[in-house]
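Source file: final32.txt; contents: compact mmCIF, C-alpha atoms.
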# COMPACT_ATOMS: atom_id res chain seq x y z
CA MET A 1 135.25 118.29 161.63
CA ARG A 2 132.14 118.85 163.75
CA VAL A 3 129.65 116.02 163.38
CA GLY A 4 126.02 115.64 164.45
CA PHE A 5 123.86 112.53 164.52
CA ILE A 6 120.05 112.35 164.56
CA GLY A 7 118.27 109.02 165.10
CA ILE A 8 119.49 106.78 167.93
CA GLY A 9 117.81 103.50 167.03
CA LEU A 10 119.03 99.96 166.38
CA MET A 11 121.54 101.22 163.81
CA GLY A 12 122.17 104.74 165.08
CA LEU A 13 123.37 103.72 168.53
CA PRO A 14 126.30 101.53 167.40
CA LEU A 15 127.24 104.03 164.68
CA CYS A 16 127.48 106.81 167.27
CA HIS A 17 129.57 104.63 169.57
CA ARG A 18 132.02 103.95 166.75
CA LEU A 19 132.33 107.68 166.02
CA LEU A 20 132.92 108.46 169.69
CA ASN A 21 135.48 105.66 169.97
CA ALA A 22 137.30 107.20 167.00
CA GLY A 23 137.59 110.52 168.83
CA ILE A 24 134.98 112.37 166.78
CA SER A 25 133.39 115.41 168.45
CA LEU A 26 129.77 114.32 168.22
CA GLN A 27 126.48 116.09 168.88
CA VAL A 28 123.39 113.86 169.19
CA TRP A 29 119.62 114.37 169.10
CA ASN A 30 116.71 111.94 169.16
CA ARG A 31 112.95 112.36 169.30
CA SER A 32 112.90 110.07 172.36
CA ALA A 33 115.42 111.95 174.50
CA GLY A 34 116.18 109.06 176.85
CA LYS A 35 117.85 107.09 174.08
CA ILE A 36 120.83 109.47 174.04
CA ASP A 37 121.72 109.00 177.73
CA ALA A 38 124.25 106.23 177.08
CA LEU A 39 125.91 108.33 174.38
CA ILE A 40 126.15 111.38 176.64
CA ALA A 41 127.80 109.18 179.24
CA ALA A 42 130.26 108.13 176.54
CA GLY A 43 131.13 111.73 175.68
CA ALA A 44 128.53 112.88 173.16
CA ILE A 45 127.10 116.40 173.36
CA PRO A 46 123.30 116.70 173.44
CA ALA A 47 121.77 119.15 170.96
CA ASP A 48 118.68 121.15 171.87
CA SER A 49 117.05 120.56 168.49
CA PRO A 50 117.84 119.53 164.90
CA ALA A 51 117.99 123.24 164.04
CA ALA A 52 120.58 123.93 166.73
CA MET A 53 122.62 120.97 165.56
CA ALA A 54 122.43 122.01 161.90
CA ALA A 55 123.68 125.47 162.80
CA HIS A 56 126.83 124.22 164.54
CA VAL A 57 128.10 121.13 162.71
CA ASP A 58 129.85 120.55 159.40
CA VAL A 59 128.33 117.11 158.77
CA LEU A 60 124.87 116.09 159.96
CA LEU A 61 124.11 112.37 159.86
CA LEU A 62 120.50 111.14 159.76
CA CYS A 63 119.34 107.60 160.56
CA VAL A 64 115.60 107.60 161.20
CA SER A 65 112.79 105.17 160.48
CA ASP A 66 111.14 106.21 157.23
CA SER A 67 110.26 108.95 154.74
CA ALA A 68 107.78 110.62 157.09
CA ALA A 69 110.37 110.81 159.88
CA VAL A 70 113.00 112.33 157.58
CA ALA A 71 110.52 114.90 156.25
CA ASP A 72 109.48 115.79 159.80
CA VAL A 73 113.01 116.28 161.11
CA MET A 74 113.69 118.54 158.11
CA HIS A 75 110.49 120.61 158.12
CA ALA A 76 109.59 120.87 161.80
CA LYS A 77 109.60 124.31 163.44
CA HIS A 78 113.01 123.57 164.94
CA GLY A 79 114.03 121.19 162.17
CA ILE A 80 117.18 121.01 160.09
CA LEU A 81 116.01 123.55 157.52
CA ALA A 82 115.59 126.12 160.31
CA GLY A 83 119.29 125.97 161.17
CA ALA A 84 121.09 124.78 158.03
CA HIS A 85 123.98 126.89 156.73
CA ALA A 86 126.11 127.09 153.60
CA GLY A 87 128.79 124.41 153.69
CA LEU A 88 126.70 121.95 155.72
CA ILE A 89 126.55 118.41 154.35
CA VAL A 90 123.50 116.37 155.39
CA VAL A 91 124.15 112.64 155.03
CA ASP A 92 120.99 110.55 155.18
CA HIS A 93 121.50 106.91 156.23
CA SER A 94 117.72 106.34 156.39
CA SER A 95 116.00 104.18 153.78
CA ILE A 96 113.43 106.43 152.08
CA THR A 97 112.07 107.10 148.62
CA ALA A 98 114.28 108.59 145.92
CA GLU A 99 111.51 111.08 145.13
CA LEU A 100 111.50 112.56 148.64
CA THR A 101 115.30 112.52 148.70
CA ARG A 102 115.52 114.68 145.59
CA GLN A 103 112.84 117.03 146.93
CA LEU A 104 114.62 117.56 150.26
CA ALA A 105 118.00 117.97 148.57
CA ALA A 106 116.56 120.70 146.34
CA GLU A 107 114.98 122.49 149.31
CA LEU A 108 118.21 122.38 151.29
CA HIS A 109 120.28 123.72 148.40
CA LYS A 110 117.78 126.46 147.56
CA GLN A 111 117.59 127.68 151.14
CA CYS A 112 121.29 127.99 151.94
CA SER A 113 123.38 126.10 149.36
CA ALA A 114 123.87 123.21 151.79
CA THR A 115 124.43 119.75 150.31
CA TRP A 116 122.48 116.52 150.63
CA VAL A 117 124.02 113.07 150.27
CA ASP A 118 121.75 110.05 150.38
CA ALA A 119 123.82 107.27 151.91
CA PRO A 120 121.69 104.30 152.98
CA VAL A 121 123.58 101.42 154.55
CA SER A 122 123.52 97.63 154.44
CA GLY A 123 124.96 95.14 156.90
CA GLY A 124 122.53 95.21 159.80
CA VAL A 125 123.21 95.80 163.46
CA VAL A 126 126.17 93.40 163.51
CA GLY A 127 127.76 95.21 160.56
CA ALA A 128 127.24 98.53 162.35
CA GLU A 129 128.85 97.24 165.53
CA GLN A 130 131.83 95.79 163.65
CA GLY A 131 132.31 98.75 161.30
CA ARG A 132 131.64 96.59 158.24
CA LEU A 133 128.65 98.36 156.68
CA VAL A 134 128.48 99.04 152.98
CA ILE A 135 127.17 102.42 151.88
CA MET A 136 125.54 103.20 148.55
CA ALA A 137 125.72 106.95 148.06
CA GLY A 138 124.01 109.44 145.81
CA GLY A 139 125.08 113.05 145.43
CA ASP A 140 127.95 115.36 144.57
CA ALA A 141 131.21 113.43 144.23
CA ASP A 142 133.24 116.05 146.10
CA ALA A 143 130.77 116.10 149.01
CA ILE A 144 130.91 112.31 149.25
CA SER A 145 134.71 112.46 149.29
CA ARG A 146 134.64 115.04 152.08
CA VAL A 147 132.44 112.91 154.34
CA THR A 148 134.18 109.61 153.56
CA PRO A 149 136.68 109.93 156.46
CA VAL A 150 133.73 110.15 158.88
CA LEU A 151 131.75 107.32 157.29
CA SER A 152 134.80 105.08 157.14
CA HIS A 153 134.65 104.66 160.91
CA TYR A 154 131.71 102.31 160.41
CA ALA A 155 131.74 101.42 156.69
CA GLN A 156 134.07 99.03 154.91
CA ARG A 157 133.01 100.32 151.49
CA ILE A 158 131.39 103.50 150.16
CA THR A 159 130.26 103.50 146.53
CA ARG A 160 128.96 106.56 144.70
CA MET A 161 126.04 105.30 142.61
CA GLY A 162 125.22 108.58 140.88
CA ASP A 163 123.45 111.85 141.58
CA VAL A 164 121.12 112.53 144.52
CA GLY A 165 118.56 109.73 144.82
CA ALA A 166 120.76 107.04 143.26
CA GLY A 167 121.79 105.78 146.69
CA GLN A 168 118.16 105.27 147.71
CA VAL A 169 117.32 103.46 144.47
CA THR A 170 120.26 101.13 145.09
CA LYS A 171 119.14 100.52 148.68
CA ILE A 172 115.66 99.63 147.46
CA CYS A 173 117.27 97.05 145.14
CA ASN A 174 119.30 95.75 148.09
CA GLN A 175 116.30 95.51 150.37
CA LEU A 176 114.21 93.81 147.72
CA ILE A 177 116.78 91.02 147.56
CA VAL A 178 117.13 90.81 151.36
CA ALA A 179 113.39 90.84 152.11
CA ALA A 180 112.35 88.42 149.37
CA ASN A 181 115.26 86.13 150.23
CA SER A 182 114.31 86.14 153.92
CA LEU A 183 110.81 84.93 153.06
CA LEU A 184 112.25 82.16 150.90
CA ILE A 185 114.60 81.16 153.72
CA ALA A 186 111.60 80.94 156.06
CA GLU A 187 109.78 78.77 153.54
CA THR A 188 112.88 76.57 153.16
CA VAL A 189 113.29 76.06 156.92
CA ALA A 190 109.62 75.13 157.25
CA LEU A 191 109.84 72.73 154.29
CA ALA A 192 112.89 70.99 155.75
CA GLU A 193 111.21 70.59 159.13
CA GLN A 194 107.95 69.27 157.69
CA ALA A 195 109.87 66.80 155.49
CA GLY A 196 111.72 65.39 158.49
CA VAL A 197 115.08 67.18 158.20
CA ASP A 198 116.72 68.93 161.14
CA ALA A 199 116.60 72.53 159.90
CA ARG A 200 119.34 73.50 162.34
CA LEU A 201 121.76 71.71 160.02
CA LEU A 202 120.82 73.71 156.91
CA ALA A 203 123.18 76.66 157.44
CA PRO A 204 126.36 74.61 157.99
CA ALA A 205 125.38 72.09 155.30
CA LEU A 206 124.84 74.72 152.60
CA ALA A 207 127.68 77.06 153.62
CA GLY A 208 129.85 77.98 150.64
CA GLY A 209 127.39 76.61 148.08
CA PHE A 210 125.33 78.52 145.55
CA ALA A 211 122.42 78.83 148.00
CA ASP A 212 124.57 80.43 150.69
CA SER A 213 124.42 84.08 151.71
CA LEU A 214 124.99 86.21 154.77
CA PRO A 215 121.24 86.51 155.45
CA PHE A 216 120.91 82.73 155.13
CA GLN A 217 123.66 82.12 157.69
CA ILE A 218 122.06 84.61 160.09
CA LEU A 219 118.38 83.83 159.59
CA ALA A 220 118.21 80.08 159.01
CA PRO A 221 119.60 79.09 162.44
CA ARG A 222 117.42 81.64 164.22
CA MET A 223 114.37 80.43 162.33
CA ALA A 224 115.14 76.77 163.01
CA GLU A 225 115.55 77.47 166.74
CA ARG A 226 112.61 79.94 166.86
CA ARG A 227 115.09 82.38 168.37
CA PHE A 228 113.81 85.86 167.58
CA GLU A 229 115.85 87.91 170.06
CA PRO A 230 117.75 90.14 169.90
CA VAL A 231 115.97 92.02 167.13
CA GLN A 232 118.37 92.66 164.23
CA TRP A 233 115.95 93.52 161.41
CA LYS A 234 112.43 94.66 162.23
CA VAL A 235 109.59 93.30 160.13
CA GLN A 236 108.17 96.82 159.79
CA THR A 237 111.45 98.03 158.26
CA LEU A 238 111.50 95.37 155.54
CA LEU A 239 107.78 95.84 154.93
CA LYS A 240 108.40 99.54 154.36
CA ASP A 241 111.30 98.80 152.02
CA LEU A 242 109.27 96.31 149.99
CA GLY A 243 106.55 98.94 149.71
CA ASN A 244 109.13 101.40 148.40
CA ALA A 245 110.30 98.81 145.86
CA VAL A 246 106.78 98.14 144.59
CA SER A 247 106.09 101.89 144.39
CA LEU A 248 109.32 102.55 142.48
CA GLY A 249 108.50 99.75 140.06
CA GLN A 250 105.14 101.34 139.35
CA THR A 251 106.76 104.74 138.87
CA VAL A 252 109.27 103.50 136.28
CA ASP A 253 106.81 101.01 134.71
CA SER A 254 108.85 97.97 135.78
CA PRO A 255 106.68 94.99 136.84
CA LEU A 256 107.93 93.42 140.07
CA PRO A 257 105.90 90.22 140.56
CA LEU A 258 108.22 88.69 143.17
CA ALA A 259 108.48 91.96 145.11
CA THR A 260 104.69 92.28 145.07
CA ALA A 261 104.25 88.73 146.35
CA ALA A 262 106.89 89.29 149.04
CA HIS A 263 105.19 92.51 150.11
CA THR A 264 101.87 90.69 150.46
CA LEU A 265 103.44 87.97 152.62
CA MET A 266 105.32 90.46 154.79
CA GLN A 267 102.14 92.50 155.25
CA ARG A 268 100.28 89.36 156.31
CA HIS A 269 102.95 88.64 158.91
CA ALA A 270 102.85 92.22 160.21
CA ASP A 271 99.04 92.09 160.40
CA HIS A 272 99.35 89.11 162.75
CA GLY A 273 101.11 91.30 165.30
CA PHE A 274 104.76 90.87 164.32
CA THR A 275 105.47 94.42 163.13
CA ARG A 276 108.24 95.09 165.63
CA ASP A 277 109.58 91.53 165.74
CA ASP A 278 112.77 90.28 164.13
CA LEU A 279 112.71 89.23 160.48
CA SER A 280 113.47 85.65 161.51
CA SER A 281 109.93 85.46 162.93
CA THR A 282 108.61 85.18 159.34
CA VAL A 283 109.11 81.41 159.70
CA LEU A 284 105.89 81.52 161.74
CA LEU A 285 104.03 82.26 158.50
CA HIS A 286 104.41 78.54 157.83
CA ALA A 287 103.31 77.23 161.21
CA ARG A 288 100.79 74.45 160.72
CA PRO A 289 97.31 75.34 162.02
CA SER A 290 96.08 73.53 165.09
CA ALA A 291 93.21 71.05 164.86
CA ALA A 292 90.91 73.69 166.35
CA GLU A 293 91.93 76.18 163.68
CA GLN A 294 91.38 73.60 160.93
CA ASP A 295 87.87 72.96 162.25

What would the structure in this file look like if it were written as structure tokens?
Amino acid sequence: MRVGFIGIGLMGLPLCHRLLNAGISLQVWNRSAGKIDALIAAGAIPADSPAAMAAHVDVLLLCVSDSAAVADVMHAKHGILAGAHAGLIVVDHSSITAELTRQLAAELHKQCSATWVDAPVSGGVVGAEQGRLVIMAGGDADAISRVTPVLSHYAQRITRMGDVGAGQVTKICNQLIVAANSLLIAETVALAEQAGVDARLLAPALAGGFADSLPFQILAPRMAERRFEPVQWKVQTLLKDLGNAVSLGQTVDSPLPLATAAHTLMQRHADHGFTRDDLSSTVLLHARPSAAEQD
């Protein structure tokens, strides 16, 4: 099976390395061309454009930043739609809106009877590196079955959630929990510190209890130590996902008061210059103002 991958970012790079290590014949393309150099050195084949890739692969994997980026790589002059062929399966690992997903899937099918599978992932960079991502997929059941052998090189579980768009709705639910939880973890670490407790002890102390979670075990120690590198989750990514959650809630007339509050807090943090910083930096939302600032 010929496979292509577009989007060599924090998640895309380790996913491509896992495919190459599994012996997959892999074409790669990225808007910033220099990011594919390490993959070419590892055996990947550079594609001239998304259109050229779409014309020559059986499965095209996407992992780009947001809805605008997915729409651009589809609609550009040398985008995917310019080269797509019958039998092609486009698998989108990006986190975008369900509305755009359904629109692009319809365009792809109308143009050449190619198939779209929305397959956002959860597990972060560490999960990508270890091949332990979980994938929530939307689309034709047979198409999902056909791409499962490829996705299994970096996913421990792939669940079909329904028709096209269902995967993105599920990812929005996932990100709502992750993002809101991360802000509560930041608040918890700050509370512990200000009440005289060593916040570095929180993660081991609460491990295995009802308050425990994978994000808690990752974020709480980093927050307590003010250790924000390496970047595992970008603030701008979770801000975008919270925005998608609030928008979806409005569309389906489902009030989301906690999501709205979390979005406001995350936006405040981003506005203070932390857009590209790690999610653990949200603990700085609770930094006490200096005496000068109080004056």

Env of stretch 64-76 of chain A: 12 Å cut, atoms = all atoms listed in the file, seq-sep filter 2 positions within chain, self excluded. Answer as a tab-separated table (two decimals) with C-alpha atoms, keeping the file's coordinate frame.
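Result file result_37.tsv:
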chain	number	residue	atom	x	y	z
A	5	PHE	CA	123.86	112.53	164.52
A	6	ILE	CA	120.05	112.35	164.56
A	7	GLY	CA	118.27	109.02	165.10
A	8	ILE	CA	119.49	106.78	167.93
A	9	GLY	CA	117.81	103.50	167.03
A	10	LEU	CA	119.03	99.96	166.38
A	11	MET	CA	121.54	101.22	163.81
A	12	GLY	CA	122.17	104.74	165.08
A	13	LEU	CA	123.37	103.72	168.53
A	29	TRP	CA	119.62	114.37	169.10
A	30	ASN	CA	116.71	111.94	169.16
A	31	ARG	CA	112.95	112.36	169.30
A	32	SER	CA	112.90	110.07	172.36
A	49	SER	CA	117.05	120.56	168.49
A	50	PRO	CA	117.84	119.53	164.90
A	51	ALA	CA	117.99	123.24	164.04
A	53	MET	CA	122.62	120.97	165.56
A	54	ALA	CA	122.43	122.01	161.90
A	60	LEU	CA	124.87	116.09	159.96
A	61	LEU	CA	124.11	112.37	159.86
A	62	LEU	CA	120.50	111.14	159.76
A	78	HIS	CA	113.01	123.57	164.94
A	79	GLY	CA	114.03	121.19	162.17
A	80	ILE	CA	117.18	121.01	160.09
A	81	LEU	CA	116.01	123.55	157.52
A	82	ALA	CA	115.59	126.12	160.31
A	83	GLY	CA	119.29	125.97	161.17
A	84	ALA	CA	121.09	124.78	158.03
A	90	VAL	CA	123.50	116.37	155.39
A	91	VAL	CA	124.15	112.64	155.03
A	92	ASP	CA	120.99	110.55	155.18
A	93	HIS	CA	121.50	106.91	156.23
A	94	SER	CA	117.72	106.34	156.39
A	95	SER	CA	116.00	104.18	153.78
A	96	ILE	CA	113.43	106.43	152.08
A	97	THR	CA	112.07	107.10	148.62
A	98	ALA	CA	114.28	108.59	145.92
A	99	GLU	CA	111.51	111.08	145.13
A	100	LEU	CA	111.50	112.56	148.64
A	101	THR	CA	115.30	112.52	148.70
A	102	ARG	CA	115.52	114.68	145.59
A	103	GLN	CA	112.84	117.03	146.93
A	104	LEU	CA	114.62	117.56	150.26
A	105	ALA	CA	118.00	117.97	148.57
A	107	GLU	CA	114.98	122.49	149.31
A	108	LEU	CA	118.21	122.38	151.29
A	116	TRP	CA	122.48	116.52	150.63
A	118	ASP	CA	121.75	110.05	150.38
A	120	PRO	CA	121.69	104.30	152.98
A	168	GLN	CA	118.16	105.27	147.71
A	234	LYS	CA	112.43	94.66	162.23
A	236	GLN	CA	108.17	96.82	159.79
A	237	THR	CA	111.45	98.03	158.26
A	238	LEU	CA	111.50	95.37	155.54
A	239	LEU	CA	107.78	95.84	154.93
A	240	LYS	CA	108.40	99.54	154.36
A	241	ASP	CA	111.30	98.80	152.02
A	243	GLY	CA	106.55	98.94	149.71
A	244	ASN	CA	109.13	101.40	148.40

Applying 8 Å and all atoms listed in the file, which residues near A:Gly87 remain after dropping the ones on its own chain fewer than 4 positions away? List them as a PyMOL selection string. chain A and resi 58+113-115

If you take all atoms listed in the file and a cut-off of 9 Å, which residues of stretch 168-194 of chain A touch stretch 212-229 of chain A, and what are their nearest atom pairs and distances in Å to one decimal, in chain and number order, as a Markdown table?
| residue | atom | partner | partner_atom | distance |
| --- | --- | --- | --- | --- |
| A:Val178 | CA | A:Pro215 | CA | 7.2 |
| A:Asn181 | CA | A:Pro215 | CA | 7.9 |
| A:Ser182 | CA | A:Pro215 | CA | 7.1 |
| A:Ile185 | CA | A:Ala220 | CA | 6.5 |
| A:Ala186 | CA | A:Met223 | CA | 6.9 |
| A:Thr188 | CA | A:Ala220 | CA | 8.7 |
| A:Val189 | CA | A:Ala224 | CA | 6.4 |
| A:Ala190 | CA | A:Ala224 | CA | 8.1 |
| A:Glu193 | CA | A:Ala224 | CA | 8.3 |

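Between atom CA of A:Asp48 and atom CA of A:Lys77 the separation is 12.8 Å.
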
So that I can see what lies close to A:Met266, please list as a ChimeraX atom specification the residues with an atom at most 9 Å from it, counting all atoms listed in the file and leaving out residues fewer than 2 positions away in the same chain. /A:179,183,235-236,238-239,242,261-264,268-271,282

Just how far from atom CA of A:His153 is atom CA of A:Asn21, in Å to one decimal? 9.2 Å

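The coordinates place atom CA of A:His56 at 9.2 Å from atom CA of A:Gln27.
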
Could you pull the residues within 8 Å of stretch 135-152 of chain A, counting all atoms listed in the file, minus those fewer than 2 positions along the same chain, as a ChimeraX atom specification? /A:19,59,89,115-122,131,133,154-168,170-171
